[in-house]
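Source file: protein12.txt (compact mmCIF, C-alpha atoms)
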```txt
# COMPACT_ATOMS: atom_id res chain seq x y z
CA MET A 24 0.00 0.00 0.00
CA ASP A 25 1.18 3.53 -0.77
CA ASN A 26 1.94 5.97 2.04
CA LEU A 27 -1.42 6.66 3.73
CA ASN A 28 -0.44 10.25 4.55
CA TYR A 29 -0.20 11.02 0.86
CA ILE A 30 -3.49 9.28 0.11
CA VAL A 31 -5.33 11.39 2.71
CA PHE A 32 -3.50 14.49 1.49
CA ILE A 33 -4.68 13.91 -2.10
CA CYS A 34 -8.26 13.31 -0.96
CA ILE A 35 -8.35 16.61 0.91
CA ILE A 36 -6.44 18.68 -1.62
CA VAL A 37 -8.49 17.54 -4.61
CA ALA A 38 -11.79 18.24 -2.82
CA PHE A 39 -10.70 21.74 -1.81
CA GLY A 40 -9.09 22.41 -5.18
CA MET A 41 -12.27 21.53 -7.06
CA ILE A 42 -14.37 24.16 -5.31
CA LEU A 43 -11.82 26.97 -5.71
CA PRO A 44 -13.05 28.20 -9.14
CA LEU A 45 -16.61 28.44 -7.80
CA LEU A 46 -15.76 30.71 -4.91
CA GLU A 47 -15.65 34.49 -4.58
CA ARG A 48 -12.25 36.15 -4.49
CA ARG A 49 -12.05 36.57 -0.71
CA THR A 50 -13.42 33.12 0.13
CA ARG A 51 -11.14 31.62 -2.51
CA MET A 52 -8.16 33.19 -0.78
CA VAL A 53 -9.17 31.73 2.58
CA VAL A 54 -9.67 28.24 1.10
CA SER A 55 -6.36 28.57 -0.77
CA PHE A 56 -4.59 29.31 2.50
CA MET A 57 -6.30 26.29 4.02
CA ILE A 58 -4.80 24.19 1.21
CA VAL A 59 -1.43 25.80 1.97
CA GLY A 60 -1.87 24.73 5.61
CA VAL A 61 -2.54 21.13 4.50
CA CYS A 62 0.61 21.22 2.33
CA CYS A 63 2.64 22.62 5.24
CA CYS A 64 1.47 19.72 7.39
CA LEU A 65 2.50 17.12 4.83
CA PHE A 66 5.91 18.75 4.45
CA ILE A 67 6.47 19.01 8.20
CA SER A 68 5.35 15.41 8.81
CA GLU A 69 8.30 14.27 6.70
CA ILE A 70 10.68 16.69 8.45
CA ASN A 71 9.44 15.57 11.88
CA ASN A 72 10.03 11.93 11.00
CA LEU A 73 13.64 12.75 10.12
CA LEU A 74 14.03 14.75 13.33
CA LEU A 75 12.59 11.89 15.39
CA GLN A 76 15.24 9.57 13.96
CA ALA A 77 17.93 12.19 14.58
CA PHE A 78 16.93 12.40 18.27
CA ASP A 79 16.93 8.60 18.81
CA GLU A 80 13.12 8.33 18.71
CA ASP A 81 12.83 10.42 21.92
CA MET A 82 9.18 11.28 21.29
CA LEU A 83 8.73 13.39 24.43
CA TYR A 84 11.72 15.65 23.79
CA VAL A 85 10.95 16.01 20.09
CA THR A 86 7.26 16.84 20.61
CA THR A 87 7.86 19.32 23.44
CA THR A 88 10.99 20.99 22.12
CA ILE A 89 11.58 20.43 18.41
CA THR A 90 8.22 20.08 16.63
CA PRO A 91 6.72 23.30 18.06
CA ILE A 92 9.64 25.18 16.49
CA THR A 93 9.55 23.49 13.09
CA GLU A 94 5.74 23.58 12.82
CA GLU A 95 5.36 27.21 13.83
CA ILE A 96 8.13 28.37 11.49
CA ILE A 97 6.63 26.53 8.52
CA LYS A 98 3.11 27.82 9.32
CA ALA A 99 4.38 31.38 9.72
CA LEU A 100 5.98 31.46 6.25
CA PRO A 101 2.69 31.70 4.27
CA ILE A 102 1.50 34.41 6.67
CA LEU A 103 4.70 36.38 6.15
CA TYR A 104 4.26 35.94 2.40
CA CYS A 105 0.65 37.14 2.67
CA ALA A 106 1.71 40.19 4.71
CA VAL A 107 4.53 41.17 2.34
CA VAL A 108 3.03 40.29 -1.05
CA ILE A 109 -0.78 40.18 -0.78
CA SER A 110 -2.01 42.49 1.97
CA ASP A 111 -1.09 43.59 5.46
CA ASP A 112 -4.73 44.35 6.29
CA ARG A 113 -5.39 42.91 9.72
CA ARG A 114 -8.70 41.21 8.85
CA ILE A 115 -7.30 39.51 5.76
CA LEU A 116 -4.20 38.38 7.64
CA ILE A 117 -6.18 36.99 10.56
CA SER A 118 -8.61 35.00 8.42
CA ASN A 119 -5.79 33.65 6.23
CA ALA A 120 -3.69 32.81 9.29
CA PHE A 121 -6.56 30.90 10.88
CA ALA A 122 -7.14 29.08 7.58
CA VAL A 123 -3.49 27.94 7.47
CA GLY A 124 -3.75 26.69 11.06
CA VAL A 125 -7.01 24.86 10.48
CA GLY A 126 -5.75 23.28 7.24
CA PHE A 127 -2.64 22.16 9.09
CA ALA A 128 -4.67 20.68 11.95
CA LEU A 129 -6.99 18.92 9.49
CA LEU A 130 -4.27 16.80 7.93
CA GLU A 131 -2.45 16.36 11.25
CA ASN A 132 -5.59 14.90 12.84
CA MET A 133 -6.04 12.58 9.85
CA ILE A 134 -2.45 11.36 10.14
CA ILE A 135 -2.80 10.76 13.88
CA LEU A 136 -6.12 8.99 13.28
CA LEU A 137 -4.46 6.64 10.79
CA GLN A 138 -1.70 5.89 13.31
CA ASN A 139 -4.17 5.15 16.15
CA VAL A 140 -7.16 3.90 14.23
CA ASN A 141 -8.05 1.21 16.79
CA GLU A 142 -8.15 3.64 19.71
CA ALA A 143 -10.17 6.39 18.02
CA THR A 144 -13.58 7.23 19.48
CA ILE A 145 -16.07 10.08 19.12
CA LEU A 146 -14.62 11.61 22.31
CA TRP A 147 -11.12 11.34 20.83
CA ALA A 148 -12.33 13.15 17.71
CA LEU A 149 -13.90 15.93 19.77
CA ILE A 150 -10.81 16.37 21.92
CA ARG A 151 -8.44 16.37 18.93
CA SER A 152 -10.61 18.79 16.96
CA PHE A 153 -11.09 21.30 19.77
CA GLY A 154 -7.57 20.80 21.11
CA SER A 155 -5.09 20.58 18.28
CA GLY A 156 -7.38 22.33 15.78
CA LEU A 157 -7.62 25.41 17.96
CA VAL A 158 -3.96 25.36 19.01
CA HIS A 159 -2.76 25.45 15.40
CA GLY A 160 -5.34 28.05 14.47
CA LEU A 161 -4.58 30.28 17.47
CA CYS A 162 -0.81 30.08 17.04
CA THR A 163 -0.96 31.20 13.41
CA VAL A 164 -3.53 33.89 14.26
CA MET A 165 -1.14 35.15 16.95
CA VAL A 166 1.59 35.47 14.33
CA GLY A 167 -0.82 36.97 11.76
CA MET A 168 -2.17 39.59 14.18
CA GLY A 169 1.31 40.52 15.31
CA ILE A 170 2.64 40.79 11.77
CA SER A 171 -0.21 43.12 10.78
CA TYR A 172 0.87 45.33 13.70
CA ILE A 173 4.65 45.24 13.26
CA ARG A 174 4.64 45.37 9.45
CA LYS A 175 4.02 49.12 9.65
CA ARG A 176 6.73 49.64 12.26
CA ARG A 177 10.09 48.89 10.66
CA LYS A 178 12.11 49.10 13.86
CA LEU A 179 9.94 46.42 15.40
CA PHE A 180 9.89 44.07 12.44
CA TRP A 181 12.80 41.69 13.13
CA CYS A 182 12.60 41.46 16.88
CA GLY A 183 8.82 41.51 16.68
CA THR A 184 8.70 38.64 14.19
CA PHE A 185 11.11 36.61 16.30
CA ALA A 186 9.20 37.35 19.50
CA LEU A 187 5.85 36.50 17.90
CA LEU A 188 7.22 33.23 16.63
CA SER A 189 8.65 32.56 20.08
CA ALA A 190 5.29 33.26 21.69
CA ALA A 191 3.53 30.91 19.25
CA ILE A 192 6.21 28.24 19.75
CA ILE A 193 6.00 28.46 23.55
CA TYR A 194 2.17 28.32 23.50
CA HIS A 195 2.31 25.25 21.24
CA ALA A 196 4.99 23.64 23.44
CA VAL A 197 2.95 24.35 26.59
CA TYR A 198 -0.01 22.54 25.00
CA ASN A 199 2.20 19.59 24.00
CA VAL A 200 3.69 19.38 27.51
CA LEU A 201 0.26 19.43 29.12
CA VAL A 202 -1.36 16.79 26.91
CA GLN A 203 1.53 14.39 27.51
CA SER A 204 1.51 14.82 31.27
CA SER A 205 -0.91 14.03 34.07
CA PHE A 206 -2.45 17.48 33.42
CA ARG A 207 -3.89 16.21 30.14
CA ASN A 208 -7.38 17.63 30.78
CA VAL A 209 -5.97 21.10 31.41
CA GLY A 210 -4.18 20.80 28.09
CA PHE A 211 -7.41 20.08 26.25
CA ILE A 212 -9.20 23.00 27.92
CA LEU A 213 -6.33 25.48 27.35
CA PRO A 214 -7.08 26.17 23.65
CA ILE A 215 -10.78 26.75 24.36
CA LEU A 216 -9.90 29.06 27.26
CA SER A 217 -7.64 31.03 24.91
CA TYR A 218 -10.08 30.95 21.97
CA ILE A 219 -13.07 32.51 23.74
CA PRO A 220 -11.31 35.71 24.97
CA ALA A 221 -9.50 35.99 21.61
CA ILE A 222 -12.82 35.91 19.74
CA ILE A 223 -14.41 38.43 22.13
CA LEU A 224 -11.44 40.80 21.73
CA LEU A 225 -11.47 40.46 17.94
CA ARG A 226 -15.23 41.06 17.75
CA LYS A 227 -14.90 44.11 19.99
CA SER A 228 -12.10 45.56 17.89
CA VAL A 229 -14.10 44.99 14.67
CA ALA A 230 -17.17 46.61 16.25
CA ALA A 231 -15.09 49.57 17.40
CA ARG A 232 -13.68 50.10 13.92
CA ARG A 233 -17.01 49.91 12.10
CA PRO A 234 -18.23 53.45 12.99
CA GLN A 235 -14.79 54.86 12.10
CA ALA A 236 -14.90 53.13 8.72
CA ARG A 237 -18.45 54.42 8.11
CA ALA A 238 -17.40 57.95 9.03
CA ALA A 239 -14.42 57.74 6.68
CA ALA A 240 -16.69 56.53 3.86
CA MET B 10 11.80 24.17 46.10
CA LEU B 11 12.69 24.72 42.47
CA LYS B 12 9.04 24.16 41.51
CA ILE B 13 7.80 26.80 43.95
CA LEU B 14 10.42 29.31 42.81
CA SER B 15 9.63 28.70 39.17
CA LEU B 16 5.91 29.09 39.83
CA ALA B 17 6.56 32.28 41.81
CA MET B 18 8.63 33.73 38.95
CA THR B 19 5.87 32.90 36.45
CA LEU B 20 3.19 34.50 38.62
CA CYS B 21 5.30 37.62 39.29
CA ALA B 22 6.04 38.00 35.56
CA LEU B 23 2.32 37.48 34.85
CA PHE B 24 1.49 40.24 37.32
CA GLY B 25 4.06 42.58 35.71
CA PHE B 26 2.73 41.81 32.23
CA ASN B 27 -0.93 42.31 33.17
CA TYR B 28 -0.15 45.50 35.09
CA GLY B 29 1.72 46.77 32.04
CA LEU B 30 -1.16 45.86 29.72
CA VAL B 31 -3.60 47.82 31.86
CA ARG B 32 -1.32 50.82 32.35
CA PHE B 33 0.26 51.21 28.92
CA PHE B 34 -2.10 49.65 26.39
CA ARG B 35 -5.47 51.07 27.37
CA GLU B 36 -4.28 54.62 26.84
CA ARG B 37 -1.96 53.74 23.95
CA LYS B 38 1.21 55.04 25.61
CA ALA B 39 4.63 55.35 23.89
CA LEU B 40 5.81 52.43 21.73
CA TYR B 41 8.97 52.31 23.89
CA THR B 42 6.98 51.31 26.96
CA ARG B 43 4.78 48.88 25.06
CA MET B 44 7.86 47.05 23.74
CA ILE B 45 9.10 46.65 27.31
CA ILE B 46 5.73 45.18 28.30
CA PHE B 47 5.98 42.73 25.39
CA GLY B 48 9.42 41.83 26.75
CA ILE B 49 7.98 41.00 30.16
CA GLY B 50 5.22 39.00 28.44
CA SER B 51 7.85 36.97 26.57
CA ALA B 52 9.75 36.32 29.81
CA MET B 53 6.48 35.22 31.42
CA LEU B 54 5.85 32.68 28.64
CA GLY B 55 9.38 31.31 28.99
CA ARG B 56 8.95 30.94 32.75
CA LEU B 57 5.55 29.32 32.23
CA PHE B 58 7.09 26.61 30.04
CA GLU B 59 9.79 25.92 32.65
CA THR B 60 7.21 25.73 35.43
CA LEU B 61 5.00 23.34 33.47
CA SER B 62 7.97 21.14 32.62
CA LEU B 63 8.88 21.00 36.31
CA PHE B 64 5.35 20.13 37.41
CA ALA B 65 4.65 17.71 34.56
CA PHE B 66 7.97 15.87 34.28
CA GLY B 67 9.84 16.90 37.43
CA GLU B 68 12.68 18.62 35.56
CA ILE B 69 13.53 21.24 32.99
CA PRO B 70 15.22 19.65 29.95
CA SER B 71 18.97 19.87 30.53
CA GLY B 72 19.93 20.91 26.99
CA PHE B 73 18.08 23.34 24.80
CA HIS B 74 14.47 23.92 25.78
CA ILE B 75 11.65 26.17 24.60
CA GLY B 76 11.69 28.31 27.77
CA MET B 77 15.01 29.82 26.60
CA LEU B 78 13.19 31.44 23.68
CA GLY B 79 11.10 33.46 26.14
CA ILE B 80 14.18 34.96 27.80
CA ILE B 81 15.89 35.58 24.44
CA SER B 82 12.89 37.40 22.97
CA SER B 83 12.36 39.36 26.18
CA PHE B 84 15.89 40.82 26.02
CA LEU B 85 15.49 41.32 22.29
CA PHE B 86 12.51 43.56 23.06
CA PHE B 87 14.46 45.49 25.72
CA PHE B 88 17.34 45.91 23.27
CA THR B 89 15.11 47.09 20.41
CA ALA B 90 13.26 49.49 22.69
CA ASN B 91 16.50 51.18 23.77
CA TYR B 92 18.33 50.93 20.44
CA GLY B 93 15.44 51.70 18.15
CA GLN B 94 13.41 54.17 20.17
CA MET B 95 15.65 55.88 22.71
CA ASP B 96 19.30 55.81 21.65
CA SER B 97 19.00 58.20 18.71
CA LEU B 98 17.48 60.77 21.09
CA VAL B 99 20.32 60.64 23.59
CA ASP B 100 23.42 59.95 21.48
CA ASP B 101 24.17 61.82 18.24
CA LYS B 102 27.29 59.65 17.69
CA SER B 103 29.55 62.66 18.29
CA ALA B 104 32.90 62.53 20.13
CA LYS B 105 31.24 64.21 23.11
CA PHE B 106 29.50 60.96 24.03
CA ARG B 107 32.43 58.65 23.29
CA LYS B 108 33.35 58.16 26.94
CA TYR B 109 29.82 56.97 27.73
CA ARG B 110 29.92 54.52 24.86
CA LEU B 111 33.24 53.18 26.18
CA ILE B 112 31.97 52.91 29.77
CA ALA B 113 28.89 51.04 28.51
CA ILE B 114 31.08 48.31 26.99
CA LEU B 115 31.76 47.23 30.56
CA ALA B 116 28.28 45.66 30.79
CA PRO B 117 28.69 43.22 27.84
CA VAL B 118 32.21 42.41 29.05
CA VAL B 119 30.87 41.36 32.47
CA ILE B 120 28.10 39.35 30.76
CA VAL B 121 30.64 37.54 28.57
CA VAL B 122 32.85 36.81 31.61
CA LEU B 123 29.82 35.31 33.36
CA PHE B 124 29.16 33.18 30.26
CA ILE B 125 32.75 31.91 30.35
CA ILE B 126 32.19 30.91 34.00
CA TYR B 127 29.01 29.10 32.87
CA LEU B 128 30.91 27.27 30.10
CA ARG B 129 33.41 25.90 32.64
CA SER B 130 30.68 23.85 34.28
CA ALA B 131 28.31 23.24 31.35
CA GLU B 132 28.33 20.40 28.87
CA PHE B 133 28.93 21.47 25.31
CA GLY B 134 25.88 20.87 23.11
CA PRO B 135 22.75 22.53 21.74
CA GLY B 136 21.95 23.81 25.25
CA ALA B 137 25.27 25.65 25.54
CA VAL B 138 24.86 27.07 22.01
CA ALA B 139 21.38 28.34 22.90
CA ARG B 140 22.79 29.83 26.11
CA GLY B 141 25.43 31.51 23.93
CA VAL B 142 22.69 33.13 21.82
CA GLU B 143 20.90 34.13 25.02
CA THR B 144 24.14 35.69 26.33
CA LEU B 145 24.65 37.62 23.10
CA VAL B 146 21.18 39.17 23.29
CA ILE B 147 21.54 39.89 27.02
CA ALA B 148 24.93 41.54 26.36
CA LEU B 149 23.46 43.75 23.61
CA ALA B 150 20.59 44.83 25.85
CA ALA B 151 22.92 45.37 28.85
CA TYR B 152 25.15 47.69 26.78
CA PHE B 153 22.27 50.10 26.19
CA HIS B 154 20.96 49.80 29.74
CA LEU B 155 24.34 50.84 31.16
CA LYS B 156 24.83 53.51 28.51
CA HIS B 157 21.46 55.09 29.29
CA LEU B 158 22.26 54.88 32.97
CA VAL B 159 25.48 56.89 32.75
CA ILE B 160 24.94 59.14 29.74
CA GLU B 161 24.34 62.88 30.13
CA ASP B 162 20.73 63.85 30.11
CA VAL B 163 19.09 65.39 27.07
CA ASP B 164 16.48 68.13 27.11
CA TYR B 165 13.31 67.55 29.15
CA GLY B 166 15.00 64.86 31.28
CA ILE B 167 13.82 61.99 29.08
CA ILE B 168 16.67 59.66 30.00
CA ARG B 169 17.07 60.76 33.63
CA SER B 170 13.48 59.86 34.43
CA ILE B 171 13.91 56.24 33.29
CA ARG B 172 17.27 55.60 34.97
CA GLY B 173 15.50 53.54 37.62
CA TYR B 174 14.12 51.25 34.92
CA ASN B 175 17.51 50.93 33.20
CA LEU B 176 19.18 50.08 36.51
CA LEU B 177 16.59 47.39 37.20
CA ALA B 178 16.94 45.96 33.68
CA LEU B 179 20.74 45.84 34.07
CA VAL B 180 20.43 44.03 37.40
CA TYR B 181 17.90 41.67 35.80
CA ALA B 182 20.38 40.89 33.00
CA LEU B 183 23.09 40.05 35.56
CA LEU B 184 20.65 37.93 37.58
CA CYS B 185 19.67 35.95 34.47
CA MET B 186 23.36 35.21 33.87
CA ALA B 187 23.81 34.24 37.53
CA GLU B 188 20.79 31.92 37.27
CA MET B 189 22.31 30.32 34.16
CA ILE B 190 25.57 29.59 36.04
CA LEU B 191 23.88 28.34 39.19
CA ARG B 192 21.61 25.95 37.29
CA ALA B 193 24.54 24.38 35.44
CA ALA B 194 26.85 23.74 38.38
CA PRO B 195 26.47 22.16 41.84
CA TYR B 196 26.61 25.42 43.82
CA PRO B 197 24.70 25.64 47.15
CA GLU B 198 20.95 25.77 46.42
CA ILE B 199 20.51 28.82 48.63
CA LEU B 200 22.32 30.95 46.01
CA LEU B 201 19.81 29.95 43.34
CA VAL B 202 16.97 30.68 45.75
CA ILE B 203 18.35 34.19 46.40
CA VAL B 204 18.76 34.89 42.68
CA ASP B 205 15.26 33.64 41.85
CA VAL B 206 13.68 35.66 44.67
CA LEU B 207 15.46 38.77 43.37
CA ILE B 208 14.17 38.04 39.86
CA CYS B 209 10.64 37.75 41.30
CA ILE B 210 11.01 41.15 42.96
CA ILE B 211 12.25 42.69 39.71
CA TYR B 212 9.27 41.30 37.78
CA LEU B 213 6.99 42.87 40.36
CA ILE B 214 8.55 46.35 40.44
CA PHE B 215 9.71 46.60 36.82
CA VAL B 216 6.57 48.18 35.37
CA PRO B 217 5.71 50.46 38.32
CA VAL B 218 9.27 51.88 38.22
CA LEU B 219 9.02 52.35 34.45
CA GLU B 220 5.62 53.97 34.82
CA LYS B 221 6.89 56.39 37.46
CA GLY B 222 9.70 57.45 35.11
CA VAL B 223 7.56 57.68 31.99
CA ASN B 224 4.94 59.78 33.78
CA LYS B 225 7.62 62.47 34.25
CA TRP B 226 7.83 62.81 30.45
CA THR B 227 4.43 64.41 30.38
CA THR B 228 4.55 66.45 33.61
```
I need this file expressed as structure tokens, please.
Amino acid sequence: MDNLNYIVFICIIVAFGMILPLLERRTRMVVSFMIVGVCCCLFISEINNLLLQAFDEDMLYVTTTITPITEEIIKALPILYCAVVISDDRRILISNAFAVGVGFALLENMIILLQNVNEATILWALIRSFGSGLVHGLCTVMVGMGISYIRKRRKLFWCGTFALLSAAIIYHAVYNVLVQSSFRNVGFILPILSYIPAIILLRKSVAARRPQARAAA
Amino acid sequence: MLKILSLAMTLCALFGFNYGLVRFFRERKALYTRMIIFGIGSAMLGRLFETLSLFAFGEIPSGFHIGMLGIISSFLFFFTANYGQMDSLVDDKSAKFRKYRLIAILAPVVIVVLFIIYLRSAEFGPGAVARGVETLVIALAAYFHLKHLVIEDVDYGIIRSIRGYNLLALVYALLCMAEMILRAAPYPEILLVIVDVLICIIYLIFVPVLEKGVNKWTT
């Protein structure tokens, strides 16, 4: 049998790719970034396998120290590209960043499902979706939001980009540490606890900008 | 003991970060101050990772670990705040300020000496390399902290009013180096306890001292 990761990847990519021509420009961009996230995940799964071999199959060390770095760097690249080439508008960056994260989590969950197919339950699916799905989404949103802020401030750009990546990496590593320890339940709640205030803050900031935008128009 | 100290440092940094968010972000204060708050936030995240590692696995990984990134990015923020926002206001690169630039070199020299002491007891590997990067960033930040501590004041007392902050940041840089040495070698535990308690105190008073200085800019 061929590599199952690639089979799942093709299934997802083809489905998403087929609907792209039917979508509006903005929605098409979001779905395109979701596809980019899926591609990032496939790429990083190969890199992580090599890293696991390089660190003598020490799963705990690799997942709490190495993979947060590699995954966050790879996920940040499309966001940086979007900020530099497409648009540094905060709303566009945030939606594209979340799409990359969700696309990444989608394939990652599929790969983990294939590796643990006998242990998977509905509860497992819920925990994985809310846990890892939100962690990947939130980490890339963190980078996207930050880049939209620092892009206009040249003196902040390099240290800001590094610090944002560091923040995303640490958040991801904290999640990985928690879910592999006896504090597993806290780990699964952490992304939801971070997601709710993030959504409230974002909604508030959008609502605050709306009257300004109307006045400007 | 190490667990309690680590937790205390995380909570103190969290307090400093939240206090800074309330004081400097609501009213959209100067970018300089906001960068320092981001720095404390980064340090808090680094400490959080170390604390969780201690509680979850009983130890902080001996080599390179993610918590180091928090400290590196925190000093990177302090460095950029001073270099990018403040230094051009206080030093026009003329010969008049040369002596201050030379005096300031003392800070990175001390930091590098402390790193050499660390290397004597540390194992060479990715951890030591990461500590080297950490030292480099700390040394860069310490140079500007000392420079802004000793340099002549410019008009309106901009630099004089934040000398307290620069002194604290310089002490914090030295304490981080001391912590690095004490964690790598079998020194008496009480020394590490003292250093960590001092770091806790600095996290607590960092933002209030900065705020007191910055408020003088507008009065």
Would you mind reading off the distance between atom CA of Phe185 of chain A and atom CA of Gly167 of chain A, one decimal, in Å?
12.8 Å
What are the closest atom pairs, with distances in Å to one decimal, for all residues of chain B lying within 8 Å of chain A? Consider all atoms listed in the file, order rows by chain and residue number, and present the result as a tab-separated table.
```
residue	atom	partner	partner_atom	distance
B:Ser51	CA	A:Ala190	CA	6.6
B:Leu54	CA	A:Ile193	CA	6.6
B:Gly55	CA	A:Ile193	CA	7.0
B:Leu57	CA	A:Val197	CA	8.0
B:Phe58	CA	A:Val197	CA	5.8
B:Leu61	CA	A:Val197	CA	7.2
B:Ser62	CA	A:Val200	CA	6.9
B:Ala65	CA	A:Ser204	CA	5.4
B:Phe66	CA	A:Ser204	CA	7.2
B:Phe73	CA	A:Thr88	CA	7.9
B:His74	CA	A:Thr88	CA	5.8
B:Ile75	CA	A:Thr88	CA	5.8
B:Gly76	CA	A:Ile193	CA	7.1
B:Leu78	CA	A:Ser189	CA	5.9
B:Gly79	CA	A:Ser189	CA	6.6
B:Ser82	CA	A:Ala186	CA	5.1
B:Ser83	CA	A:Ala186	CA	7.7
B:Leu85	CA	A:Cys182	CA	6.1
B:Phe86	CA	A:Cys182	CA	6.5
B:Thr89	CA	A:Cys182	CA	7.1
B:Gly93	CA	A:Lys178	CA	6.0
```
Find the residues near Pro135 of chain B: any atom within 10 Å, counting all atoms listed in the file, skip ones fewer than 2 places away on the same chain, and give them as an MDAnalysis selection string.
chainID B and resid 71:74 132:133 137:141
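We find atom CA of Glu143 of chain B and atom CA of Ile80 of chain B to be spaced 7.3 Å apart.
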Extract, using all atoms listed in the file, all DNA, RNA and protein residues at most 12 Å from Leu43 of chain A, discarding same-chain residues fewer than 3 positions from it, and format them as a PDB file with C-alpha atoms, keeping the file's coordinate frame.
```pdb
ATOM      1  CA  ILE A  36      -6.440  18.680  -1.620  1.00  0.00           C
ATOM      2  CA  VAL A  37      -8.490  17.540  -4.610  1.00  0.00           C
ATOM      3  CA  ALA A  38     -11.790  18.240  -2.820  1.00  0.00           C
ATOM      4  CA  PHE A  39     -10.700  21.740  -1.810  1.00  0.00           C
ATOM      5  CA  GLY A  40      -9.090  22.410  -5.180  1.00  0.00           C
ATOM      6  CA  LEU A  46     -15.760  30.710  -4.910  1.00  0.00           C
ATOM      7  CA  GLU A  47     -15.650  34.490  -4.580  1.00  0.00           C
ATOM      8  CA  ARG A  48     -12.250  36.150  -4.490  1.00  0.00           C
ATOM      9  CA  ARG A  49     -12.050  36.570  -0.710  1.00  0.00           C
ATOM     10  CA  THR A  50     -13.420  33.120   0.130  1.00  0.00           C
ATOM     11  CA  ARG A  51     -11.140  31.620  -2.510  1.00  0.00           C
ATOM     12  CA  MET A  52      -8.160  33.190  -0.780  1.00  0.00           C
ATOM     13  CA  VAL A  53      -9.170  31.730   2.580  1.00  0.00           C
ATOM     14  CA  VAL A  54      -9.670  28.240   1.100  1.00  0.00           C
ATOM     15  CA  SER A  55      -6.360  28.570  -0.770  1.00  0.00           C
ATOM     16  CA  PHE A  56      -4.590  29.310   2.500  1.00  0.00           C
ATOM     17  CA  MET A  57      -6.300  26.290   4.020  1.00  0.00           C
ATOM     18  CA  ILE A  58      -4.800  24.190   1.210  1.00  0.00           C
TER      19      ILE A  58
END
```
Give me, as number ranges by chain, all polymer residues having an atom no more than 12 Å from Leu155 of chain B, counting all atoms listed in the file and skipping those fewer than 2 positions away in the same chain.
B: 88, 91, 96, 109-119, 148-153, 157-160, 168, 171-180, 182-183
Write a file of the selected residues as a PDB file, in the coordinates of the input, keeping C-alpha atoms.
```
ATOM      1  CA  PHE B  88      17.340  45.910  23.270  1.00  0.00           C
ATOM      2  CA  ASN B  91      16.500  51.180  23.770  1.00  0.00           C
ATOM      3  CA  ASP B  96      19.300  55.810  21.650  1.00  0.00           C
ATOM      4  CA  TYR B 109      29.820  56.970  27.730  1.00  0.00           C
ATOM      5  CA  ARG B 110      29.920  54.520  24.860  1.00  0.00           C
ATOM      6  CA  LEU B 111      33.240  53.180  26.180  1.00  0.00           C
ATOM      7  CA  ILE B 112      31.970  52.910  29.770  1.00  0.00           C
ATOM      8  CA  ALA B 113      28.890  51.040  28.510  1.00  0.00           C
ATOM      9  CA  ILE B 114      31.080  48.310  26.990  1.00  0.00           C
ATOM     10  CA  LEU B 115      31.760  47.230  30.560  1.00  0.00           C
ATOM     11  CA  ALA B 116      28.280  45.660  30.790  1.00  0.00           C
ATOM     12  CA  PRO B 117      28.690  43.220  27.840  1.00  0.00           C
ATOM     13  CA  VAL B 118      32.210  42.410  29.050  1.00  0.00           C
ATOM     14  CA  VAL B 119      30.870  41.360  32.470  1.00  0.00           C
ATOM     15  CA  ALA B 148      24.930  41.540  26.360  1.00  0.00           C
ATOM     16  CA  LEU B 149      23.460  43.750  23.610  1.00  0.00           C
ATOM     17  CA  ALA B 150      20.590  44.830  25.850  1.00  0.00           C
ATOM     18  CA  ALA B 151      22.920  45.370  28.850  1.00  0.00           C
ATOM     19  CA  TYR B 152      25.150  47.690  26.780  1.00  0.00           C
ATOM     20  CA  PHE B 153      22.270  50.100  26.190  1.00  0.00           C
ATOM     21  CA  HIS B 157      21.460  55.090  29.290  1.00  0.00           C
ATOM     22  CA  LEU B 158      22.260  54.880  32.970  1.00  0.00           C
ATOM     23  CA  VAL B 159      25.480  56.890  32.750  1.00  0.00           C
ATOM     24  CA  ILE B 160      24.940  59.140  29.740  1.00  0.00           C
ATOM     25  CA  ILE B 168      16.670  59.660  30.000  1.00  0.00           C
ATOM     26  CA  ILE B 171      13.910  56.240  33.290  1.00  0.00           C
ATOM     27  CA  ARG B 172      17.270  55.600  34.970  1.00  0.00           C
ATOM     28  CA  GLY B 173      15.500  53.540  37.620  1.00  0.00           C
ATOM     29  CA  TYR B 174      14.120  51.250  34.920  1.00  0.00           C
ATOM     30  CA  ASN B 175      17.510  50.930  33.200  1.00  0.00           C
ATOM     31  CA  LEU B 176      19.180  50.080  36.510  1.00  0.00           C
ATOM     32  CA  LEU B 177      16.590  47.390  37.200  1.00  0.00           C
ATOM     33  CA  ALA B 178      16.940  45.960  33.680  1.00  0.00           C
ATOM     34  CA  LEU B 179      20.740  45.840  34.070  1.00  0.00           C
ATOM     35  CA  VAL B 180      20.430  44.030  37.400  1.00  0.00           C
ATOM     36  CA  ALA B 182      20.380  40.890  33.000  1.00  0.00           C
ATOM     37  CA  LEU B 183      23.090  40.050  35.560  1.00  0.00           C
TER      38      LEU B 183
END
```
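Distance-wise, atom CA of Val206 of chain B and atom CA of Ser130 of chain B end up 23.2 Å apart.
Distances to Cys185 of chain B were evaluated for B:Ala52, B:Ile125, B:Ile199, B:Ile69 using only C-alpha atoms, and the minimum falls at B:Ala52.
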Smallest atom-to-atom distance to Leu116 of chain A: which of A:Arg151, A:Arg174, A:Lys227, A:His159, using all atoms listed in the file?
A:Arg174
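Closest approach to Val223 of chain B among B:Met186, B:Leu40, B:Ile211, B:Ile13: B:Leu40, based on only C-alpha atoms.
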